[in-house]
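S.K.: Can you read through this structure? Questions will come right after.
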Amino acid sequence: MNATYDPALLLASCCVATCVAFALLSLGARIAALDSERAGFWLFGGALTLGTGLWATHIVGLSTLRLPIAVSYDLGLTALSWCVAFGVSVLALYLISRDRLGPLELLGGALPMGAGLCLMQFSGLWAMRLKPGVTYDPQLLAASAALAVLASAALLFICFSARRLSGARAMPARIAAALAIGAVLCATHYTGLSAARFTQGALCAAGNLVGGSWMGLPLALISIGLLGAVLLLSRMDGLASAERSRAERQRAEVERVRRMAYYDAVTGLPNRSLFNETLLRQMIGVNGKPPPPFGVVYIELRGYRALVETLGQDRINLIVKSLAGQVSQNLHEGDLLARLSHDGFVCLLRQHEARSIETGMAQISARFKLPLQHESQSYRLAWGIGMSRYPENGTSTQALVRAAMKLQYELGGEAQAARQETVSALGAA
């Protein structure tokens, strides 16, 4: 029984194969740029669409056959061919979207993909359930199997390589690659069909449920439309992701500038600007009520320049950073420790039910009396301490800070002796 081919459907199947290849190129590059959660979504959704397109290429290709009998297909075997196409698409997208595709990965992917293409193709011929059955030319059958493996390897290599292209070269390269891959897929399919030999007088099984004119041009057009819709969604998702990335970069830049403007680079503590703003907000009443009392404590490291000359600025920065972390652990909610200058710290102490302002000031002073623990070493530093209280010592930020900066007493002994002791201890360490 002689078989002929419908040229219009032959062209339609090649068009669907080219669209599948182009979608594979685009979705592979898209999935590679996504995080794991969203990549999994697009891998599954893309495989559904690509599998349907690949299956449609095969079904439309079968419809090109013109036999002198009514052709129909078994529903189960037809569904099996779609499942195989879906599996091939999942594997192809997974391999294309990986960071690396070496020779072993390429061969390990091409073999099962080639086997899947052969199974999808010949399951369609089996689905006819012809009596007597279809026979095959062994040479053309072997050539079809080899071509399927080579086509799979070429598809993976081309798609993985083209994924890295960007800018003006990306679109022409993808179109050229899609045309080449589509041609190879069609050649694989029609080599397999050429291997089939139909016995004179053979008939399809009466129980076949799949058939009709929808398996030709209508299926080709539906598949191309579905692939186009998925590519459009992928493009829109890519634009949305780019906009989100741009917004995140902008927020990160704003945060970076804010950190530079309001935080000390060495200790990470708020700087003078942020402390003054916080102090000003603390002095604003709510609902016509006056703000609650609070205290300001100023702490100055004595002999700072001598320490820098002896130990170097880098080590002093590490010591000051360690100090800031230890002192911050003793603060209550709402309190604020800031660095006003290289040797000056200031602390805002708010009123708490479990701690009065006076108790907070005493606790801060007591903390600075303790030796500083840094890198398994204990150091005794000399400090000058000053305090002010709102509203007794001022009703403006400048007045309160200036009142606190009038040092009232020192911690760590007499100033000169303490400075000398500190320099000697740190220098020995």
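Lettering and numbering for the structure tokens are positional, with chains as A, B, ... in the shown order, residues counted from 1 in each chain, and ligands counted from 1 in the shown order.
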What's around Pro218 in chain A at 12 Å? Count only C-alpha atoms, leave out sequence neighbours fewer than 3 positions away in its own chain, and write the answer as a PyMOL selection string.
M.R.: chain A and resi 9+12-13+16+56+59-60+63+212-215+221-225
S.K.: Using N, CA and C atoms, can you export the residues from the last selection as a PDB file, in the first residue's frame?
M.R.:
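Output saved as out-v4.pdb:
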ATOM      1  N   LEU A   9       0.287  20.202   4.669  1.00  0.00           N
ATOM      2  CA  LEU A   9       0.468  19.743   6.044  1.00  0.00           C
ATOM      3  C   LEU A   9       1.944  19.521   6.362  1.00  0.00           C
ATOM      4  N   ALA A  12       3.101  22.821   7.307  1.00  0.00           N
ATOM      5  CA  ALA A  12       2.532  23.188   8.602  1.00  0.00           C
ATOM      6  C   ALA A  12       3.294  22.525   9.750  1.00  0.00           C
ATOM      7  N   SER A  13       3.635  21.242   9.592  1.00  0.00           N
ATOM      8  CA  SER A  13       4.374  20.553  10.647  1.00  0.00           C
ATOM      9  C   SER A  13       5.760  21.154  10.835  1.00  0.00           C
ATOM     10  N   VAL A  16       5.336  24.370  12.860  1.00  0.00           N
ATOM     11  CA  VAL A  16       5.143  24.095  14.282  1.00  0.00           C
ATOM     12  C   VAL A  16       6.462  23.708  14.931  1.00  0.00           C
ATOM     13  N   ALA A  56       2.180  18.055  18.674  1.00  0.00           N
ATOM     14  CA  ALA A  56       1.423  18.528  17.505  1.00  0.00           C
ATOM     15  C   ALA A  56       2.254  18.406  16.234  1.00  0.00           C
ATOM     16  N   ILE A  59       1.852  14.820  15.337  1.00  0.00           N
ATOM     17  CA  ILE A  59       0.503  14.470  14.883  1.00  0.00           C
ATOM     18  C   ILE A  59       0.214  15.072  13.513  1.00  0.00           C
ATOM     19  N   VAL A  60       0.595  16.338  13.335  1.00  0.00           N
ATOM     20  CA  VAL A  60       0.384  16.962  12.022  1.00  0.00           C
ATOM     21  C   VAL A  60       1.226  16.252  10.971  1.00  0.00           C
ATOM     22  N   SER A  63      -0.502  13.286   9.911  1.00  0.00           N
ATOM     23  CA  SER A  63      -1.651  13.638   9.069  1.00  0.00           C
ATOM     24  C   SER A  63      -1.258  13.925   7.639  1.00  0.00           C
ATOM     25  N   GLY A 212     -10.067  12.470  12.393  1.00  0.00           N
ATOM     26  CA  GLY A 212     -10.770  13.661  11.941  1.00  0.00           C
ATOM     27  C   GLY A 212      -9.836  14.713  11.379  1.00  0.00           C
ATOM     28  N   SER A 213     -10.433  15.707  10.761  1.00  0.00           N
ATOM     29  CA  SER A 213      -9.651  16.750  10.087  1.00  0.00           C
ATOM     30  C   SER A 213      -8.977  17.720  11.054  1.00  0.00           C
ATOM     31  N   TRP A 214      -9.386  17.715  12.350  1.00  0.00           N
ATOM     32  CA  TRP A 214      -8.773  18.641  13.325  1.00  0.00           C
ATOM     33  C   TRP A 214      -7.302  18.341  13.549  1.00  0.00           C
ATOM     34  N   MET A 215      -6.824  17.141  13.175  1.00  0.00           N
ATOM     35  CA  MET A 215      -5.443  16.756  13.417  1.00  0.00           C
ATOM     36  C   MET A 215      -4.489  17.357  12.394  1.00  0.00           C
ATOM     37  N   LEU A 221      -2.389  25.341  13.829  1.00  0.00           N
ATOM     38  CA  LEU A 221      -2.657  26.737  14.174  1.00  0.00           C
ATOM     39  C   LEU A 221      -2.856  26.905  15.686  1.00  0.00           C
ATOM     40  N   ILE A 222      -3.567  25.968  16.311  1.00  0.00           N
ATOM     41  CA  ILE A 222      -3.781  26.036  17.764  1.00  0.00           C
ATOM     42  C   ILE A 222      -2.442  25.950  18.499  1.00  0.00           C
ATOM     43  N   SER A 223      -1.572  25.050  18.056  1.00  0.00           N
ATOM     44  CA  SER A 223      -0.270  24.877  18.706  1.00  0.00           C
ATOM     45  C   SER A 223       0.590  26.123  18.559  1.00  0.00           C
ATOM     46  N   ILE A 224       0.596  26.700  17.365  1.00  0.00           N
ATOM     47  CA  ILE A 224       1.378  27.924  17.160  1.00  0.00           C
ATOM     48  C   ILE A 224       0.834  29.058  18.019  1.00  0.00           C
ATOM     49  N   GLY A 225      -0.495  29.162  18.120  1.00  0.00           N
ATOM     50  CA  GLY A 225      -1.083  30.195  18.975  1.00  0.00           C
ATOM     51  C   GLY A 225      -0.752  29.986  20.431  1.00  0.00           C
TER      52      GLY A 225
END
S.K.: Using only C-alpha atoms, I'd like a table of the residues in range 230-277 of chain A that come within 12 Å of range 393-397 of chain A; for each, show the closest atom pair and its distance in Å rounded to one decimal, ordered by chain and ascending number, as JSON lines.
M.R.:
{"residue": "A:Arg272", "atom": "CA", "partner": "A:Thr397", "partner_atom": "CA", "distance": 11.1}
{"residue": "A:Ser273", "atom": "CA", "partner": "A:Thr397", "partner_atom": "CA", "distance": 11.2}
{"residue": "A:Leu274", "atom": "CA", "partner": "A:Thr397", "partner_atom": "CA", "distance": 11.9}
{"residue": "A:Phe275", "atom": "CA", "partner": "A:Thr397", "partner_atom": "CA", "distance": 9.4}
{"residue": "A:Asn276", "atom": "CA", "partner": "A:Thr397", "partner_atom": "CA", "distance": 6.5}
{"residue": "A:Glu277", "atom": "CA", "partner": "A:Thr397", "partner_atom": "CA", "distance": 8.8}
S.K.: Take the residues just selected and output them with C-alpha atoms as a compact mmCIF listing (two decimals), in the first residue's frame.
M.R.:
# COMPACT_ATOMS: atom_id res chain seq x y z
CA ARG A 272 25.00 63.11 64.91
CA SER A 273 22.34 63.84 62.26
CA LEU A 274 20.12 60.88 63.14
CA PHE A 275 20.56 61.47 66.86
CA ASN A 276 19.49 65.11 66.54
CA GLU A 277 16.43 64.13 64.49
S.K.: As a ChimeraX atom specification, please: every residue in range 184-359 of chain A that a backbone DSSP assignment puts in helix (DSSP H, G or I).
M.R.: /A:184-195,213-215,217-262,272-282,304-311,313-328,357-359
S.K.: Leaving out Gly61 in chain A and any residue of its chain fewer than 6 positions from it, which residues lie within 9 Å of it when counting only C-alpha atoms, given as a PDB file with N, CA and C atoms, in the first residue's frame?
M.R.:
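Dumped to out07.pdb:
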ATOM      1  N   LEU A   9       0.287  20.202   4.669  1.00  0.00           N
ATOM      2  CA  LEU A   9       0.468  19.743   6.044  1.00  0.00           C
ATOM      3  C   LEU A   9       1.944  19.521   6.362  1.00  0.00           C
ATOM      4  N   LEU A  10       2.707  19.141   5.369  1.00  0.00           N
ATOM      5  CA  LEU A  10       4.150  19.002   5.555  1.00  0.00           C
ATOM      6  C   LEU A  10       4.767  20.343   5.956  1.00  0.00           C
ATOM      7  N   ALA A  12       3.101  22.821   7.307  1.00  0.00           N
ATOM      8  CA  ALA A  12       2.532  23.188   8.602  1.00  0.00           C
ATOM      9  C   ALA A  12       3.294  22.525   9.750  1.00  0.00           C
ATOM     10  N   SER A  13       3.635  21.242   9.592  1.00  0.00           N
ATOM     11  CA  SER A  13       4.374  20.553  10.647  1.00  0.00           C
ATOM     12  C   SER A  13       5.760  21.154  10.835  1.00  0.00           C
ATOM     13  N   CYS A  14       6.402  21.571   9.742  1.00  0.00           N
ATOM     14  CA  CYS A  14       7.714  22.224   9.851  1.00  0.00           C
ATOM     15  C   CYS A  14       7.593  23.576  10.556  1.00  0.00           C
ATOM     16  N   CYS A 186      12.066  17.959  11.811  1.00  0.00           N
ATOM     17  CA  CYS A 186      11.223  17.454  10.712  1.00  0.00           C
ATOM     18  C   CYS A 186      11.929  16.342   9.944  1.00  0.00           C
ATOM     19  N   HIS A 189      11.615  13.200  11.903  1.00  0.00           N
ATOM     20  CA  HIS A 189      10.258  12.640  11.839  1.00  0.00           C
ATOM     21  C   HIS A 189       9.994  11.956  10.497  1.00  0.00           C
ATOM     22  N   TYR A 190      10.332  12.630   9.413  1.00  0.00           N
ATOM     23  CA  TYR A 190       9.973  12.083   8.103  1.00  0.00           C
ATOM     24  C   TYR A 190      10.905  10.956   7.676  1.00  0.00           C
ATOM     25  N   LEU A 193       9.040   8.095   9.242  1.00  0.00           N
ATOM     26  CA  LEU A 193       7.858   7.745   8.442  1.00  0.00           C
ATOM     27  C   LEU A 193       8.248   7.022   7.160  1.00  0.00           C
ATOM     28  N   GLY A 216      -4.994  18.145  11.478  1.00  0.00           N
ATOM     29  CA  GLY A 216      -4.149  18.760  10.471  1.00  0.00           C
ATOM     30  C   GLY A 216      -3.878  20.222  10.757  1.00  0.00           C
TER      31      GLY A 216
END
S.K.: Tell me which of A:Leu340, A:Leu370, A:Val210, A:Ile96 sits closest to Leu25 in chain A, counting only C-alpha atoms.
M.R.: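 For Leu25 in chain A, the nearest of the given residues is A:Ile96.
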S.K.: Could you check the closest approach to Gly295 in chain A for each of A:Leu107, A:Leu232, A:Leu95, A:Ile357 and tell me which residue wins, using only C-alpha atoms?
M.R.: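 Of A:Leu107, A:Leu232, A:Leu95, A:Ile357, the one nearest Gly295 in chain A is A:Ile357, counting only C-alpha atoms.
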S.K.: Using only C-alpha atoms, which residue out of A:Glu375, A:Asp343, A:Glu392, A:Asp335 lies closest to Met361 in chain A?
M.R.: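 That would be A:Asp335, the residue with the smallest distance to Met361 in chain A.
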S.K.: Within 12 Å of Arg174 in chain A, counting only C-alpha atoms, which residues show up once you throw out same-chain ones fewer than 5 positions away? Write them as a short mmCIF file (atom, residue, chain, number, x, y, z; two decimals) with N, CA and C atoms, in the first residue's frame, please.
M.R.:
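Here's the written file result14.cif:
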data_model
loop_
_atom_site.label_atom_id
_atom_site.label_comp_id
_atom_site.auth_asym_id
_atom_site.auth_seq_id
_atom_site.Cartn_x
_atom_site.Cartn_y
_atom_site.Cartn_z
N THR A 18 9.46 24.62 14.05
CA THR A 18 10.28 25.82 14.17
C THR A 18 9.82 26.68 15.35
N CYS A 19 8.50 26.78 15.52
CA CYS A 19 7.97 27.55 16.66
C CYS A 19 8.34 26.88 17.99
N VAL A 20 8.30 25.55 18.03
CA VAL A 20 8.70 24.83 19.24
C VAL A 20 10.17 25.13 19.55
N ALA A 21 11.02 25.11 18.52
CA ALA A 21 12.44 25.37 18.73
C ALA A 21 12.67 26.79 19.23
N PHE A 22 11.96 27.75 18.66
CA PHE A 22 12.12 29.14 19.09
C PHE A 22 11.65 29.32 20.54
N ALA A 23 10.53 28.68 20.88
CA ALA A 23 10.04 28.76 22.26
C ALA A 23 11.02 28.10 23.23
N LEU A 24 11.64 27.00 22.81
CA LEU A 24 12.62 26.32 23.64
C LEU A 24 13.82 27.23 23.89
N LEU A 25 14.28 27.91 22.88
CA LEU A 25 15.39 28.85 23.03
C LEU A 25 15.04 29.97 24.01
N SER A 26 13.87 30.53 23.85
CA SER A 26 13.47 31.67 24.69
C SER A 26 13.21 31.25 26.13
N LEU A 27 12.48 30.15 26.33
CA LEU A 27 12.14 29.71 27.69
C LEU A 27 13.37 29.19 28.42
N GLY A 28 14.29 28.54 27.70
CA GLY A 28 15.52 28.09 28.35
C GLY A 28 16.31 29.24 28.92
N ALA A 29 16.44 30.32 28.15
CA ALA A 29 17.15 31.50 28.64
C ALA A 29 16.40 32.16 29.78
N LEU A 155 20.15 20.13 19.32
CA LEU A 155 19.17 21.00 19.96
C LEU A 155 19.69 21.52 21.30
N ILE A 158 22.86 23.91 20.69
CA ILE A 158 22.51 25.21 20.09
C ILE A 158 21.73 26.07 21.08
N CYS A 159 20.75 25.46 21.77
CA CYS A 159 19.92 26.23 22.70
C CYS A 159 20.74 26.73 23.89
N PHE A 160 21.64 25.90 24.40
CA PHE A 160 22.48 26.32 25.52
C PHE A 160 23.43 27.43 25.11
N SER A 161 23.99 27.34 23.91
CA SER A 161 24.92 28.36 23.44
C SER A 161 24.21 29.67 23.13
N ALA A 162 23.05 29.58 22.47
CA ALA A 162 22.32 30.79 22.10
C ALA A 162 21.73 31.49 23.32
N ARG A 163 21.58 30.76 24.44
CA ARG A 163 21.03 31.35 25.66
C ARG A 163 21.89 32.49 26.18
N ARG A 164 23.18 32.44 25.92
CA ARG A 164 24.11 33.43 26.43
C ARG A 164 24.13 34.71 25.62
N LEU A 165 23.50 34.71 24.45
CA LEU A 165 23.50 35.90 23.61
C LEU A 165 22.55 36.95 24.18
N SER A 166 22.90 38.21 23.98
CA SER A 166 22.06 39.31 24.44
C SER A 166 22.19 40.48 23.47
N GLY A 167 21.34 41.46 23.65
CA GLY A 167 21.41 42.65 22.81
C GLY A 167 20.84 42.41 21.43
N ALA A 168 21.40 43.13 20.45
CA ALA A 168 20.86 43.10 19.09
C ALA A 168 21.09 41.76 18.41
N ARG A 169 22.11 41.00 18.86
CA ARG A 169 22.40 39.73 18.20
C ARG A 169 21.47 38.60 18.63
N LEU A 179 15.12 27.91 13.03
CA LEU A 179 14.92 27.35 11.69
C LEU A 179 15.75 26.08 11.51
N ALA A 180 17.00 26.11 12.02
CA ALA A 180 17.86 24.93 11.88
C ALA A 180 17.33 23.76 12.69
N ILE A 181 16.95 24.04 13.95
CA ILE A 181 16.44 22.97 14.81
C ILE A 181 15.12 22.42 14.27
N GLY A 182 14.23 23.31 13.79
CA GLY A 182 12.96 22.85 13.22
C GLY A 182 13.17 21.95 12.03
#
S.K.: Give the answer as one residue: which of A:Phe44, A:Leu104, A:Leu348, A:Gly116 has the shortest atom-to-atom distance to Val90 in chain A, using only C-alpha atoms?
M.R.: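 Going through A:Phe44, A:Leu104, A:Leu348, A:Gly116 one by one, the smallest distance to Val90 in chain A is for A:Phe44.
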